[in-house]
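S.K.: Structure: final-v1.cif, mmCIF, C-alpha atoms.
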data_data
#
loop_
_atom_site.label_atom_id
_atom_site.label_comp_id
_atom_site.auth_asym_id
_atom_site.auth_seq_id
_atom_site.Cartn_x
_atom_site.Cartn_y
_atom_site.Cartn_z
CA MET V 1 -10.35 -6.22 21.08
CA THR V 2 -7.02 -7.54 22.38
CA PRO V 3 -5.57 -9.90 19.76
CA ALA V 4 -2.47 -11.87 20.55
CA LEU V 5 0.79 -10.56 19.13
CA LYS V 6 4.10 -12.33 19.38
CA SER V 7 6.82 -10.16 20.86
CA VAL V 8 9.44 -9.02 18.40
CA ASP V 9 11.75 -7.18 20.80
CA THR V 10 15.22 -6.87 19.36
CA THR V 11 18.05 -8.27 21.43
CA ILE V 12 20.71 -5.66 21.90
CA THR V 13 24.14 -6.97 20.96
CA LYS V 14 27.54 -5.38 20.40
CA SER V 15 27.34 -6.07 16.69
CA LYS V 16 23.99 -4.34 16.25
CA PRO V 17 24.31 -1.31 13.91
CA ASP V 18 23.18 2.05 15.17
CA ALA V 19 20.12 3.69 13.63
CA ALA V 20 22.22 6.53 12.23
CA SER V 21 24.23 4.10 10.08
CA VAL V 22 21.08 2.56 8.65
CA ARG V 23 19.53 6.01 8.13
CA ARG V 24 22.58 7.10 6.15
CA ARG V 25 22.42 4.01 3.93
CA LEU V 26 18.72 4.51 3.33
CA ARG V 27 19.34 8.09 2.32
CA GLU V 28 22.14 7.10 -0.05
CA ASN V 29 19.67 4.82 -1.80
CA GLY V 30 16.86 7.33 -2.22
CA LEU V 31 14.73 6.60 0.87
CA LEU V 32 14.51 9.96 2.61
CA ILE V 33 13.22 10.98 6.04
CA ASP V 34 12.39 14.67 6.56
CA ASP V 35 14.33 15.72 3.48
CA ASP V 36 14.04 19.47 2.84
CA LYS V 37 14.24 19.04 -0.93
CA GLY V 38 10.98 17.12 -0.89
CA LEU V 39 9.16 20.23 0.32
CA GLU V 40 10.83 22.41 -2.29
CA THR V 41 8.68 20.80 -4.97
CA HIS V 42 5.15 22.12 -5.40
CA ARG V 43 3.69 18.61 -5.31
CA GLY V 44 5.51 17.67 -2.11
CA GLU V 45 4.37 20.88 -0.46
CA LEU V 46 0.77 20.23 -1.52
CA ILE V 47 0.79 16.65 -0.18
CA VAL V 48 2.26 17.57 3.21
CA ASP V 49 -0.09 20.53 3.60
CA TYR V 50 -3.14 18.40 2.76
CA ALA V 51 -2.03 15.58 5.07
CA LYS V 52 -1.49 17.94 8.02
CA LYS V 53 -4.93 19.45 7.62
CA MET V 54 -6.49 16.02 7.25
CA ILE V 55 -5.05 14.46 10.40
CA THR V 56 -5.91 17.50 12.52
CA SER V 57 -9.53 17.75 11.37
CA GLU V 58 -12.03 17.59 14.21
CA ARG V 59 -13.72 14.28 14.88
CA LEU V 60 -17.47 14.05 15.39
CA SER V 61 -16.97 12.27 18.69
CA PRO V 62 -16.27 14.59 21.62
CA LYS V 63 -13.09 14.50 23.69
CA SER V 64 -13.27 11.67 26.20
CA GLU V 65 -11.82 12.45 29.63
CA GLU V 66 -12.46 8.85 30.62
CA LEU V 67 -10.33 7.62 27.72
CA LEU V 68 -7.51 9.99 28.62
CA ARG V 69 -7.56 8.93 32.26
CA LYS V 70 -7.44 5.29 31.22
CA TRP V 71 -4.50 5.99 28.92
CA ALA V 72 -2.58 7.88 31.63
CA LYS V 73 -3.12 5.05 34.12
CA LYS V 74 -2.22 2.24 31.74
CA ILE V 75 0.87 3.78 30.20
CA LYS V 76 2.56 4.05 33.57
CA LYS V 77 2.01 0.34 34.14
CA GLU V 78 3.03 -0.70 30.63
CA GLU V 79 6.10 1.50 30.22
CA LEU V 80 8.51 -1.43 30.61
CA SER V 81 6.37 -4.00 28.80
CA ASN V 82 7.53 -5.71 25.63
CA GLU V 83 6.25 -4.56 22.25
CA ALA V 84 3.45 -7.08 22.00
CA THR V 85 1.99 -6.30 25.40
CA PHE V 86 2.25 -2.55 24.99
CA ILE V 87 0.45 -2.53 21.64
CA ASN V 88 -2.22 -4.97 22.79
CA VAL V 89 -3.01 -2.83 25.81
CA MET V 90 -2.49 0.74 24.63
CA TRP V 91 -3.46 0.83 20.95
CA TRP V 92 -7.06 -0.20 21.45
CA ILE V 93 -7.63 2.66 23.86
CA LEU V 94 -7.08 5.02 20.93
CA VAL V 95 -8.79 2.96 18.24
CA ARG V 96 -12.13 1.38 19.14
CA ASP V 97 -14.31 -1.04 17.22
CA ASP V 98 -16.57 1.79 16.09
CA ARG V 99 -16.60 5.57 15.73
CA THR V 100 -19.04 8.45 15.34
CA VAL V 101 -20.16 9.28 11.78
CA LYS V 102 -22.76 11.49 10.15
CA LYS V 103 -26.08 9.89 9.34
CA THR V 104 -27.41 9.93 5.82
CA ALA V 105 -30.68 11.75 5.14
CA GLU V 106 -32.48 8.41 5.11
CA GLU V 107 -31.06 7.46 8.50
CA GLN V 108 -32.08 10.67 10.27
CA GLU V 109 -35.31 10.46 12.25
CA ASP V 110 -35.42 14.17 13.15
CA ALA V 111 -33.39 17.36 12.77
CA ASP V 112 -31.31 16.69 15.88
CA ASP V 113 -30.57 13.09 14.95
CA LYS V 114 -27.47 13.66 12.81
CA VAL V 115 -24.78 11.26 14.05
CA MET V 116 -24.45 7.63 15.05
CA ARG V 117 -21.85 5.03 16.03
CA ARG V 118 -20.69 2.86 13.14
CA ASP V 119 -18.40 -0.18 13.20
CA TRP V 120 -15.19 0.11 11.22
CA ASP V 121 -15.92 -3.37 9.87
CA MET V 122 -18.96 -2.04 8.03
CA ASP V 123 -16.63 0.11 5.92
CA HIS V 124 -14.25 -2.80 5.29
CA LEU V 125 -11.38 -1.72 7.52
CA LYS V 126 -8.94 -4.52 8.30
CA TYR V 127 -5.69 -4.76 10.22
CA ARG V 128 -2.79 -7.16 10.52
CA LEU V 129 -0.31 -7.56 13.36
CA ASP V 130 3.35 -8.43 12.83
CA GLN V 131 3.01 -9.75 9.27
CA GLU V 132 5.83 -9.48 6.79
CA PHE V 133 5.08 -7.77 3.49
CA THR V 134 5.41 -9.56 0.18
CA ARG V 135 9.11 -9.70 -0.65
CA GLY V 136 10.73 -8.00 -3.60
CA TYR V 137 9.16 -4.53 -3.58
CA ILE V 138 11.64 -2.43 -1.65
CA PRO V 139 12.35 0.32 -4.20
CA THR V 140 15.76 1.51 -5.37
CA LEU V 141 17.48 -0.27 -2.53
CA ASP V 142 18.70 -3.84 -3.10
CA PRO V 143 20.69 -5.21 -0.14
CA ALA V 144 21.88 -8.16 -2.22
CA GLU V 145 23.86 -5.73 -4.39
CA ASN V 146 25.42 -3.88 -1.48
CA GLU V 147 27.33 -6.11 0.93
CA GLU V 148 27.93 -3.40 3.52
CA LEU V 149 24.29 -2.35 3.55
CA SER V 150 23.13 -5.97 3.62
CA ALA V 151 25.27 -6.65 6.68
CA LEU V 152 23.79 -3.65 8.47
CA LEU V 153 20.18 -4.35 7.61
CA SER V 154 20.32 -8.06 8.36
CA LYS V 155 21.00 -7.24 12.02
CA MET V 156 18.12 -4.82 12.49
CA GLU V 157 14.71 -6.36 13.18
CA GLY V 158 12.08 -5.56 10.57
CA VAL V 159 14.31 -3.50 8.30
CA THR V 160 15.55 -6.07 5.76
CA ASN V 161 11.99 -6.57 4.50
CA PRO V 162 9.11 -4.61 6.04
CA LYS V 163 7.21 -6.43 8.76
CA PRO V 164 5.06 -3.76 10.41
CA ASP V 165 3.98 -4.20 14.00
CA LEU V 166 0.56 -3.04 12.84
CA ALA V 167 -0.84 -2.43 9.36
CA TYR V 168 -4.24 -1.25 8.11
CA GLY V 169 -5.85 -1.94 4.76
CA LEU V 170 -9.12 -3.16 3.28
CA ASP V 171 -11.05 -6.39 3.70
CA GLU V 172 -11.91 -8.48 0.65
CA ASP V 173 -15.59 -7.59 1.09
CA ALA V 174 -14.78 -4.07 -0.09
CA PHE V 175 -14.49 -5.31 -3.67
CA ASP V 176 -17.04 -6.43 -6.22
CA GLU V 177 -16.34 -9.20 -8.71
CA ILE V 178 -14.56 -6.94 -11.18
CA ALA V 179 -12.32 -5.34 -8.53
CA SER V 180 -11.59 -8.74 -7.01
CA THR V 181 -10.47 -9.98 -10.41
CA ALA V 182 -8.09 -7.03 -10.71
CA ASN V 183 -6.77 -7.76 -7.22
CA ALA V 184 -6.16 -11.37 -8.16
CA LEU V 185 -4.36 -10.42 -11.38
CA HIS V 186 -1.76 -8.52 -9.35
CA LYS V 187 -1.91 -10.32 -6.01
CA ASP V 188 1.68 -9.50 -4.99
CA LEU V 189 0.96 -5.79 -5.33
CA THR V 190 -2.55 -5.66 -3.90
CA GLU V 191 -2.19 -8.13 -1.00
CA LEU V 192 1.07 -7.24 0.75
CA SER V 193 -0.26 -8.80 3.96
CA ASP V 194 -2.21 -12.04 3.95
CA GLN V 195 -5.93 -11.49 3.23
CA MET V 196 -5.65 -7.70 3.57
CA TYR V 197 -5.65 -5.46 0.52
CA HIS V 198 -4.20 -2.07 -0.40
CA THR V 199 -2.44 -1.23 2.86
CA PHE V 200 -2.51 2.50 3.57
CA PHE V 201 -1.23 2.89 7.14
CA ILE V 202 1.52 1.14 9.13
CA ALA V 203 2.76 1.53 12.70
CA GLU V 204 6.19 0.60 14.06
CA PHE V 205 6.76 0.42 17.81
CA LYS V 206 9.87 0.10 19.94
CA SER V 207 9.80 -0.81 23.61
CA HIS V 208 12.02 0.80 26.24
CA LYS V 209 14.78 -1.57 25.05
CA GLY V 210 14.82 -0.11 21.55
CA SER V 211 14.96 3.27 19.88
CA VAL V 212 12.20 5.20 18.18
CA ALA V 213 14.81 6.11 15.54
CA GLU V 214 14.87 2.43 14.56
CA ALA V 215 11.08 2.47 14.30
CA LYS V 216 11.35 5.47 11.96
CA ASN V 217 13.82 3.60 9.75
CA GLN V 218 11.45 0.64 9.58
CA ALA V 219 8.50 2.90 8.78
CA CYS V 220 10.57 4.51 6.04
CA ARG V 221 11.12 1.14 4.37
CA GLY V 222 7.50 0.04 4.80
CA GLY V 223 6.12 3.32 3.48
CA ALA V 224 8.41 3.12 0.47
CA VAL V 225 7.06 -0.34 -0.35
CA LEU V 226 3.51 0.98 -0.14
CA MET V 227 4.32 3.81 -2.53
CA ASN V 228 6.28 1.57 -4.88
CA THR V 229 3.52 -1.02 -5.22
CA ILE V 230 0.73 1.48 -5.74
CA ALA V 231 2.88 3.23 -8.36
CA MET V 232 3.06 -0.08 -10.24
CA LEU V 233 -0.71 -0.46 -9.99
CA ARG V 234 -1.26 3.12 -11.17
CA GLU V 235 0.84 2.37 -14.23
CA LYS V 236 -1.21 -0.73 -15.00
CA ALA V 237 -4.36 1.38 -14.68
CA GLY V 238 -2.99 4.14 -16.90
CA ILE V 239 -3.08 6.71 -14.06
CA SER V 240 -0.08 9.03 -14.29
CA ASP V 241 1.55 11.13 -11.58
CA LYS V 242 1.69 14.87 -12.12
CA ASP V 243 4.42 17.24 -11.00
CA ASP V 244 2.04 19.87 -9.67
CA ALA V 245 -0.93 17.82 -8.40
CA PHE V 246 -1.81 14.73 -6.38
CA ASP V 247 -4.68 12.35 -5.75
CA HIS V 248 -5.60 9.94 -2.97
CA GLY V 249 -3.27 7.31 -4.38
CA SER V 250 -0.28 9.65 -4.22
CA PHE V 251 0.52 9.24 -0.53
CA THR V 252 0.17 7.03 2.51
CA PHE V 253 0.84 7.19 6.27
CA SER V 254 2.92 5.68 9.05
CA LEU V 255 3.39 6.04 12.79
CA ALA V 256 6.63 5.44 14.72
CA PHE V 257 6.40 5.35 18.50
CA ASP V 258 7.78 4.12 21.83
CA PRO V 259 6.35 4.37 25.37
CA TYR V 260 7.21 8.06 25.54
CA SER V 261 6.49 9.69 22.20
CA ALA V 262 4.88 9.13 18.79
CA PHE V 263 5.56 10.55 15.33
CA MET V 264 3.06 10.63 12.46
CA TYR V 265 4.44 10.62 8.90
CA VAL V 266 3.19 10.97 5.34
CA HIS V 267 4.93 9.13 2.47
CA TRP V 268 5.10 9.97 -1.23
CA ARG V 269 7.39 9.38 -4.19
CA GLU V 270 9.18 11.90 -6.36
CA ILE V 271 10.99 11.50 -9.67
CA ARG V 272 14.02 13.73 -10.18
CA GLY V 273 16.53 14.18 -12.96
CA PRO V 274 16.37 14.15 -16.77
CA LYS V 275 13.86 11.96 -18.59
CA GLU V 276 16.62 9.81 -20.06
CA ALA V 277 18.03 9.01 -16.59
CA PRO V 278 15.41 9.70 -13.91
CA LYS V 279 15.80 8.63 -10.30
CA THR V 280 12.93 7.94 -7.93
CA PHE V 281 13.03 9.15 -4.33
CA TYR V 282 10.71 8.00 -1.56
CA HIS V 283 9.88 10.68 0.97
CA MET V 284 8.74 10.35 4.57
CA ASP V 285 7.89 13.68 6.19
CA GLN V 286 6.81 14.30 9.77
CA LEU V 287 3.30 15.63 10.29
CA GLY V 288 3.10 15.61 14.08
CA GLN V 289 4.89 14.67 17.28
CA TYR V 290 3.02 13.59 20.40
CA ALA V 291 4.16 13.32 24.03
CA LEU V 292 2.43 10.25 25.39
CA ARG V 293 2.32 11.39 29.01
CA GLU V 294 0.32 14.55 28.36
CA LYS V 295 -3.44 14.70 27.84
CA GLN V 296 -3.77 17.01 24.84
CA PRO V 297 -1.03 15.38 22.74
CA VAL V 298 -2.62 11.97 23.36
CA GLU V 299 -6.00 13.36 22.29
CA ASP V 300 -4.36 14.86 19.20
CA LEU V 301 -2.81 11.47 18.41
CA ARG V 302 -6.18 9.74 18.78
CA ILE V 303 -7.69 12.23 16.35
CA ALA V 304 -4.84 11.83 13.86
CA ILE V 305 -4.95 8.01 13.83
CA ASN V 306 -8.72 7.86 13.45
CA ASN V 307 -8.67 10.49 10.70
CA VAL V 308 -6.15 8.40 8.77
CA LEU V 309 -8.37 5.33 9.16
CA GLU V 310 -11.42 7.35 8.04
CA TRP V 311 -9.50 8.47 4.96
CA GLY V 312 -8.47 4.89 4.29
CA VAL V 313 -12.06 3.60 4.17
CA GLY V 314 -13.30 6.76 2.47
CA ALA V 315 -11.41 8.79 -0.13
CA ARG V 316 -8.55 6.31 -0.42
CA LYS V 317 -10.90 3.36 -0.93
CA THR V 318 -12.78 5.30 -3.60
CA PHE V 319 -9.51 5.90 -5.44
CA VAL V 320 -8.53 2.22 -5.17
CA LEU V 321 -11.87 1.02 -6.54
CA ASP V 322 -11.61 3.39 -9.49
CA MET V 323 -8.04 2.25 -10.14
CA LEU V 324 -9.04 -1.42 -10.04
CA ALA V 325 -11.90 -0.76 -12.47
CA LYS V 326 -9.40 0.77 -14.91
CA ILE V 327 -7.03 -2.19 -14.47
CA ALA V 328 -9.87 -4.65 -15.12
CA GLU V 329 -11.01 -2.72 -18.19
CA LYS V 330 -7.50 -2.71 -19.64
CA ALA V 331 -7.18 -6.43 -18.93
CA ARG V 332 -10.47 -7.09 -20.75
CA ALA V 333 -9.37 -4.96 -23.71
CA GLN V 334 -6.04 -6.80 -23.91
CA ALA V 335 -7.76 -10.19 -23.69
CA LYS V 336 -10.20 -9.16 -26.41
CA ALA V 337 -7.37 -7.94 -28.64
CA ALA V 338 -5.43 -11.14 -28.05
CA SER V 339 -8.50 -13.22 -28.86
CA LYS V 340 -9.14 -11.24 -32.03
CA SER V 341 -5.51 -11.59 -33.05
CA SER V 342 -5.67 -15.32 -32.41
CA GLY V 343 -8.86 -15.55 -34.44
CA ASN V 344 -7.30 -13.67 -37.34
CA THR V 345 -4.35 -16.04 -37.29
CA LYS V 346 -6.67 -19.03 -37.39
CA ASP V 347 -8.73 -17.50 -40.21
CA SER V 348 -5.57 -16.74 -42.13
CA SER V 349 -4.31 -20.27 -41.58
CA SER V 350 -7.68 -21.70 -42.61
CA GLN V 351 -7.83 -19.55 -45.74
CA GLY V 352 -4.27 -20.53 -46.60
CA GLY V 353 -5.18 -24.19 -46.19
CA THR V 354 -8.23 -23.77 -48.43
CA ARG V 355 -6.19 -22.09 -51.14
CA GLN V 356 -3.55 -24.82 -50.92
CA SER V 357 -6.21 -27.55 -51.17
CA ALA V 358 -7.65 -25.84 -54.24
CA ARG V 359 -4.24 -25.75 -55.92
CA VAL V 360 -3.65 -29.44 -55.16
CA LYS V 361 -7.07 -30.34 -56.57
CA GLU V 362 -6.45 -28.27 -59.68
CA GLN V 363 -3.07 -29.88 -60.27
CA SER V 364 -4.60 -33.32 -59.72
CA GLU V 365 -7.35 -32.64 -62.28
CA LYS V 366 -4.81 -31.45 -64.85
CA LYS V 367 -2.73 -34.53 -64.31
CA GLY V 368 -5.79 -36.78 -64.66
CA SER V 369 -6.79 -35.03 -67.87
CA SER V 370 -3.34 -35.53 -69.32
CA SER V 371 -3.31 -39.23 -68.45
CA GLY V 372 -6.77 -39.77 -69.99
CA GLY V 373 -5.75 -38.23 -73.33
CA GLY V 374 -2.77 -40.56 -73.66
CA ALA V 375 -4.86 -43.66 -73.09
CA ASN V 376 -7.34 -42.74 -75.81
CA SER V 377 -4.51 -42.12 -78.22
CA ARG V 378 -3.01 -45.53 -77.54
CA ALA V 379 -6.39 -47.11 -77.97
#
Please rewrite the model in this file as structure tokens.
M.R.:
Amino acid sequence: MTPALKSVDTTITKSKPDAASVRRRLRENGLLIDDDKGLETHRGELIVDYAKKMITSERLSPKSEELLRKWAKKIKKEELSNEATFINVMWWILVRDDRTVKKTAEEQEDADDKVMRRDWDMDHLKYRLDQEFTRGYIPTLDPAENEELSALLSKMEGVTNPKPDLAYGLDEDAFDEIASTANALHKDLTELSDQMYHTFFIAEFKSHKGSVAEAKNQACRGGAVLMNTIAMLREKAGISDKDDAFDHGSFTFSLAFDPYSAFMYVHWREIRGPKEAPKTFYHMDQLGQYALREKQPVEDLRIAINNVLEWGVGARKTFVLDMLAKIAEKARAQAKAASKSSGNTKDSSSQGGTRQSARVKEQSEKKGSSSGGGANSRA
């Protein structure tokens, strides 16, 4: 699985802003990376704790020494490659077409036959390379209203509007007719990347020419868009956020990496301030750091990535399907109410017309009666 990916290496120029400047602007506009205040809230603490446990959970497939040897050999050769080449060669060593899963009771032939290899495609996993997200959903931050920020962001590849090097979501086959209808009703929110729905994981890579700090800034923006759009969908479904709890639609993941190290992040949103003037913050908190020249960190990274994908086609997909069902039900109820209201208006109009016709007829009969009496008198 080595799909073609156009290189998006950023040309280094004297006018290019440094990552620290962009990071500061992001922070000033509520997009926060490793912000301590996010962990001071009970909900933020719960989300980060759950995410850390999730990505470090053991996989059913055993550690592969062959895989690690292949990685070690390839990364030395690809260290100076451009972004496209590096991803096309290295990523698919960590993420294969299939993985090991538990068999259902019906699939087991004997007591020892408990696991099997299963294609990701069978669980509707889909990915997109180097595709820009739907425009208009970067939260809080609006470069058009901030000339200084706009000038900075316009010079940094992939930051103005998210365009992840790699993004994972769900294939259209994951949805039945009702869920597909809900997706179509809110296409801009559900299909950020062409023909891929409900993105839950993005990866941003920088070659040796770039900086992993830039990749983190890009992941911050992309993750914020994911959290902003699903918050809009939650509202349409009538699913509220709670201050002291979370669900599988409350967070998402990203990875920022270069040829030397990788950083896994979890994203969530937080509303601060009084009810009359609340402000929304978008958090991105580090879950793990991985040295890409050492065996165990690479194995840990493989486990983390595949656990995120497993969550995406498991618990996260279950949440999305339930949310879409609620959106569809509300849409049906609204359509029914609108139809009933329209029918009442027509009935009222019809009844009014009938009453008016009756009055006209009555007046006409009275007039006719009056005219007839006069004629007889003259006769």
S.K.: Taking all atoms listed in the file into account, which of V:Tyr168, V:Trp268, V:Tyr197, V:Phe86 comes nearest Val48 (chain V)?
M.R.: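 With all atoms listed in the file as the atom set, the closest residue is V:Trp268.
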S.K.: Let me make sure I understand: among V:Asp176, V:Glu83, V:Asp113, V:Asp171, which one has the smallest atom-to-atom distance to Ser211 (chain V) if we use all atoms listed in the file?
M.R.: V:Glu83
S.K.: Just the number, please: distance in Å from CA of His186 (chain V) to CA of Met227 (chain V), one decimal.
M.R.: 15.3 Å
S.K.: Compile the contact shell of Ile93 (chain V) as a PyMOL selection string: residues with an atom at most 10 Å away, counting all atoms listed in the file, same-chain residues fewer than 5 positions apart removed.
M.R.: chain V and resi 1+67-68+70-71+74+87-88+302
S.K.: CA of Ile75 (chain V) and CA of Pro259 (chain V) are how many Å apart?
M.R.: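 So the answer is 7.3 Å.
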S.K.: Could you jot down the CA of Leu129 (chain V) to CA of Trp311 (chain V) separation for me, Å, one decimal place?
M.R.: 20.3 Å
S.K.: Set the distance at 7 Å and use only C-alpha atoms: which residues neighbour Ala203 (chain V) once local chain neighbours fewer than 3 positions away are removed? I'd like the list as number ranges by chain.
M.R.: V: 164-167, 254-256
S.K.: Please provide the set of residues having any atom within 10 Å of Lys126 (chain V), restricted to all atoms listed in the file, with same-chain residues fewer than 5 positions apart removed, written as a list in words.
M.R.: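 So, after excluding close chain neighbours, the residues are Trp120, Asp121, Ala167, Tyr168, Gly169, Leu170, Asp171, Glu172, Gln195, Met196, Tyr197, Thr199, Leu309 and Val313 of chain V.
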S.K.: Skip Val266 (chain V) itself and residues of its chain fewer than 3 positions away, then list as an MDAnalysis selection string all residues within 12 Å of it, counting all atoms listed in the file.
M.R.: chainID V and resid 32:34 38 44:55 200:203 216 219:220 222:224 226:227 250:256 263 269 282:288 304 308
S.K.: Which residue is closest to Arg234 (chain V)? Choose from V:Lys103, V:Arg221, V:Arg272, V:Lys326 and count all atoms listed in the file.
M.R.: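 The closest residue to Arg234 (chain V) is V:Lys326.
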S.K.: Please provide the set of residues having any atom within 9 Å of region 40-43 of chain V, restricted to all atoms listed in the file, with same-chain residues fewer than 3 positions apart removed, written as a list in words.
M.R.: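 Once the nearby chain positions are removed, what remains is Asp36, Lys37, Leu46, Ile47, Val48, Lys242, Asp243, Asp244, Ala245, Phe246 and Glu270 of chain V.
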